[in-house]
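What's in start_21.txt: compact mmCIF, N, CA and C atoms
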# COMPACT_ATOMS: atom_id res chain seq x y z
N MET A 19 -64.57 69.32 -5.50
CA MET A 19 -65.95 69.79 -5.47
C MET A 19 -66.94 68.65 -5.63
N SER A 20 -66.48 67.44 -5.78
CA SER A 20 -67.42 66.37 -5.98
C SER A 20 -67.68 65.57 -4.71
N SER A 21 -67.26 66.08 -3.57
CA SER A 21 -67.55 65.36 -2.32
C SER A 21 -69.04 65.51 -1.99
N LYS A 22 -69.57 64.51 -1.31
CA LYS A 22 -71.00 64.51 -1.02
C LYS A 22 -71.47 65.71 -0.21
N PRO A 23 -70.75 66.12 0.85
CA PRO A 23 -71.22 67.29 1.60
C PRO A 23 -71.27 68.57 0.75
N VAL A 24 -70.31 68.74 -0.13
CA VAL A 24 -70.31 69.93 -0.99
C VAL A 24 -71.49 69.88 -1.96
N LEU A 25 -71.76 68.72 -2.53
CA LEU A 25 -72.88 68.59 -3.45
C LEU A 25 -74.21 68.82 -2.74
N TRP A 26 -74.35 68.31 -1.52
CA TRP A 26 -75.58 68.54 -0.76
C TRP A 26 -75.75 70.03 -0.45
N PHE A 27 -74.65 70.69 -0.07
CA PHE A 27 -74.72 72.11 0.20
C PHE A 27 -75.15 72.88 -1.06
N LEU A 28 -74.51 72.58 -2.19
CA LEU A 28 -74.87 73.26 -3.44
C LEU A 28 -76.33 73.02 -3.78
N PHE A 29 -76.77 71.79 -3.65
CA PHE A 29 -78.15 71.45 -3.98
C PHE A 29 -79.14 72.20 -3.10
N LEU A 30 -78.98 72.11 -1.79
CA LEU A 30 -79.96 72.70 -0.88
C LEU A 30 -79.90 74.23 -0.85
N PHE A 31 -78.69 74.78 -0.77
CA PHE A 31 -78.55 76.23 -0.71
C PHE A 31 -79.11 76.89 -1.97
N ASN A 32 -78.72 76.38 -3.13
CA ASN A 32 -79.18 76.98 -4.37
C ASN A 32 -80.67 76.77 -4.60
N LEU A 33 -81.20 75.65 -4.11
CA LEU A 33 -82.64 75.42 -4.22
C LEU A 33 -83.42 76.44 -3.40
N VAL A 34 -82.94 76.71 -2.17
CA VAL A 34 -83.61 77.70 -1.32
C VAL A 34 -83.51 79.09 -1.93
N VAL A 35 -82.34 79.47 -2.42
CA VAL A 35 -82.17 80.79 -3.03
C VAL A 35 -83.04 80.91 -4.28
N ALA A 36 -83.12 79.85 -5.07
CA ALA A 36 -83.95 79.89 -6.27
C ALA A 36 -85.43 80.07 -5.92
N ALA A 37 -85.86 79.49 -4.82
CA ALA A 37 -87.26 79.61 -4.42
C ALA A 37 -87.58 80.99 -3.85
N VAL A 38 -86.61 81.61 -3.18
CA VAL A 38 -86.86 82.87 -2.48
C VAL A 38 -86.55 84.09 -3.36
N ALA A 39 -85.63 83.97 -4.28
CA ALA A 39 -85.14 85.12 -5.06
C ALA A 39 -86.24 85.95 -5.74
N PRO A 40 -87.22 85.33 -6.39
CA PRO A 40 -88.24 86.17 -7.06
C PRO A 40 -89.05 87.04 -6.09
N PHE A 41 -89.12 86.64 -4.82
CA PHE A 41 -89.89 87.41 -3.85
C PHE A 41 -89.05 88.50 -3.19
N VAL A 42 -87.74 88.33 -3.19
CA VAL A 42 -86.85 89.28 -2.54
C VAL A 42 -86.34 90.32 -3.52
N VAL A 43 -85.97 89.88 -4.72
CA VAL A 43 -85.41 90.77 -5.74
C VAL A 43 -86.49 91.04 -6.78
N ASP A 44 -86.67 92.30 -7.14
CA ASP A 44 -87.73 92.67 -8.06
C ASP A 44 -87.37 92.39 -9.52
N SER A 45 -88.38 92.21 -10.30
CA SER A 45 -88.37 92.14 -11.77
C SER A 45 -87.49 91.04 -12.33
N ALA A 46 -86.89 91.32 -13.47
CA ALA A 46 -86.16 90.31 -14.23
C ALA A 46 -84.93 89.81 -13.49
N GLN A 47 -84.35 90.63 -12.66
CA GLN A 47 -83.16 90.20 -11.93
C GLN A 47 -83.49 89.04 -10.97
N GLY A 48 -84.61 89.11 -10.33
CA GLY A 48 -85.04 88.03 -9.44
C GLY A 48 -85.31 86.74 -10.19
N VAL A 49 -85.94 86.87 -11.35
CA VAL A 49 -86.22 85.69 -12.17
C VAL A 49 -84.92 85.09 -12.69
N ALA A 50 -84.01 85.92 -13.15
CA ALA A 50 -82.73 85.43 -13.66
C ALA A 50 -81.92 84.75 -12.54
N THR A 51 -81.96 85.33 -11.36
CA THR A 51 -81.27 84.71 -10.22
C THR A 51 -81.88 83.35 -9.90
N ALA A 52 -83.20 83.28 -9.91
CA ALA A 52 -83.88 82.02 -9.62
C ALA A 52 -83.54 80.95 -10.66
N VAL A 53 -83.51 81.35 -11.92
CA VAL A 53 -83.19 80.39 -12.98
C VAL A 53 -81.74 79.90 -12.85
N GLY A 54 -80.81 80.83 -12.64
CA GLY A 54 -79.41 80.46 -12.52
C GLY A 54 -79.15 79.55 -11.33
N MET A 55 -79.71 79.91 -10.18
CA MET A 55 -79.52 79.08 -8.99
C MET A 55 -80.23 77.75 -9.14
N GLY A 56 -81.35 77.75 -9.82
CA GLY A 56 -82.06 76.49 -10.06
C GLY A 56 -81.27 75.54 -10.93
N VAL A 57 -80.59 76.08 -11.92
CA VAL A 57 -79.76 75.24 -12.79
C VAL A 57 -78.62 74.61 -12.00
N VAL A 58 -77.98 75.39 -11.15
CA VAL A 58 -76.89 74.87 -10.32
C VAL A 58 -77.43 73.79 -9.37
N SER A 59 -78.59 74.05 -8.78
CA SER A 59 -79.18 73.09 -7.86
C SER A 59 -79.53 71.78 -8.58
N LEU A 60 -80.11 71.88 -9.75
CA LEU A 60 -80.45 70.68 -10.52
C LEU A 60 -79.20 69.91 -10.92
N GLY A 61 -78.15 70.64 -11.27
CA GLY A 61 -76.89 69.97 -11.63
C GLY A 61 -76.31 69.20 -10.45
N ALA A 62 -76.28 69.82 -9.28
CA ALA A 62 -75.77 69.13 -8.09
C ALA A 62 -76.67 67.95 -7.72
N GLY A 63 -77.97 68.14 -7.83
CA GLY A 63 -78.90 67.05 -7.53
C GLY A 63 -78.76 65.88 -8.48
N SER A 64 -78.53 66.17 -9.75
CA SER A 64 -78.36 65.09 -10.71
C SER A 64 -77.08 64.30 -10.45
N VAL A 65 -76.02 64.99 -10.04
CA VAL A 65 -74.78 64.28 -9.70
C VAL A 65 -74.99 63.42 -8.46
N LEU A 66 -75.74 63.92 -7.49
CA LEU A 66 -76.04 63.12 -6.30
C LEU A 66 -76.84 61.87 -6.66
N LEU A 67 -77.83 62.02 -7.52
CA LEU A 67 -78.63 60.86 -7.93
C LEU A 67 -77.81 59.89 -8.77
N LYS A 68 -76.98 60.42 -9.63
CA LYS A 68 -76.13 59.56 -10.47
C LYS A 68 -75.18 58.75 -9.60
N GLY A 69 -74.58 59.37 -8.60
CA GLY A 69 -73.70 58.66 -7.69
C GLY A 69 -74.44 57.63 -6.87
N ARG A 70 -75.67 57.94 -6.52
CA ARG A 70 -76.48 57.00 -5.74
C ARG A 70 -76.83 55.77 -6.57
N LYS A 71 -77.17 55.97 -7.84
CA LYS A 71 -77.49 54.85 -8.73
C LYS A 71 -76.25 53.98 -8.97
N GLN A 72 -75.10 54.61 -9.14
CA GLN A 72 -73.87 53.85 -9.35
C GLN A 72 -73.51 53.07 -8.10
N GLY A 73 -73.76 53.63 -6.94
CA GLY A 73 -73.49 52.94 -5.69
C GLY A 73 -74.36 51.72 -5.51
N GLN A 74 -75.60 51.77 -5.99
CA GLN A 74 -76.50 50.64 -5.89
C GLN A 74 -76.05 49.49 -6.78
N HIS A 75 -75.50 49.82 -7.95
CA HIS A 75 -75.04 48.78 -8.86
C HIS A 75 -73.80 48.07 -8.32
N ALA A 76 -72.99 48.78 -7.56
CA ALA A 76 -71.77 48.20 -7.01
C ALA A 76 -72.06 47.24 -5.88
N ALA A 77 -73.21 47.42 -5.21
CA ALA A 77 -73.53 46.57 -4.05
C ALA A 77 -74.05 45.22 -4.44

Take the structure in the file and write it out as structure tokens.
Amino acid sequence: MSSKPVLWFLFLFNLVVAAVAPFVVDSAQGVATAVGMGVVSLGAGSVLLKGRKQGQHAA
């Protein structure tokens, strides 16, 4: 699960779902979905940035 394409998919897909969920799903369920998907997206994004920073140090 740590391959770059998988991380990019997790980051982008969950970011889009987090942005759209409050408008599609009503009340607290939409907010909870947005928060949960946002956390997953931020986690994948942080791993992508961490890998990018490590790659720069190796060069």

Atom pair CA of Val35 (chain A) / CA of Thr51 (chain A): separation (Å):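 According to the coordinates, CA of Val35 (chain A) and CA of Thr51 (chain A) are separated by 8.2 Å.
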
Atom-to-atom span, atom N of Leu25 (chain A) and atom N of Leu66 (chain A), Å: 8.0 Å

A:Gln72, A:Ala50, A:Ser45, A:Gly56 ranked by distance to Leu30 (chain A), top pick (using only C-alpha atoms):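 Distance minimum relative to Leu30 (chain A) lands on A:Gly56.
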
Which of A:Val53, A:Val24, A:Val65, A:Leu60 sits closest to Ala36 (chain A) [using all atoms listed in the file]: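 Once distances to Ala36 (chain A) are computed over all atoms listed in the file, the minimum belongs to A:Val53.
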
Contacts of Phe27 (chain A) within 10 Å, only C-alpha atoms, excl. fewer than 5 positions in-chain, as a PyMOL selection string: chain A and resi 22+32-33+59+62

Please give the centre and size of the box around region 60-66 of chain A (axis-aligned, containing every atom listed in the file, 6 Å added per side), with values in Å to one decimal and written as lines of an AutoDock Vina configuration file.
center_x = -77.6
center_y = 66.9
center_z = -9.0
size_x = 17.7
size_y = 22.0
size_z = 17.3
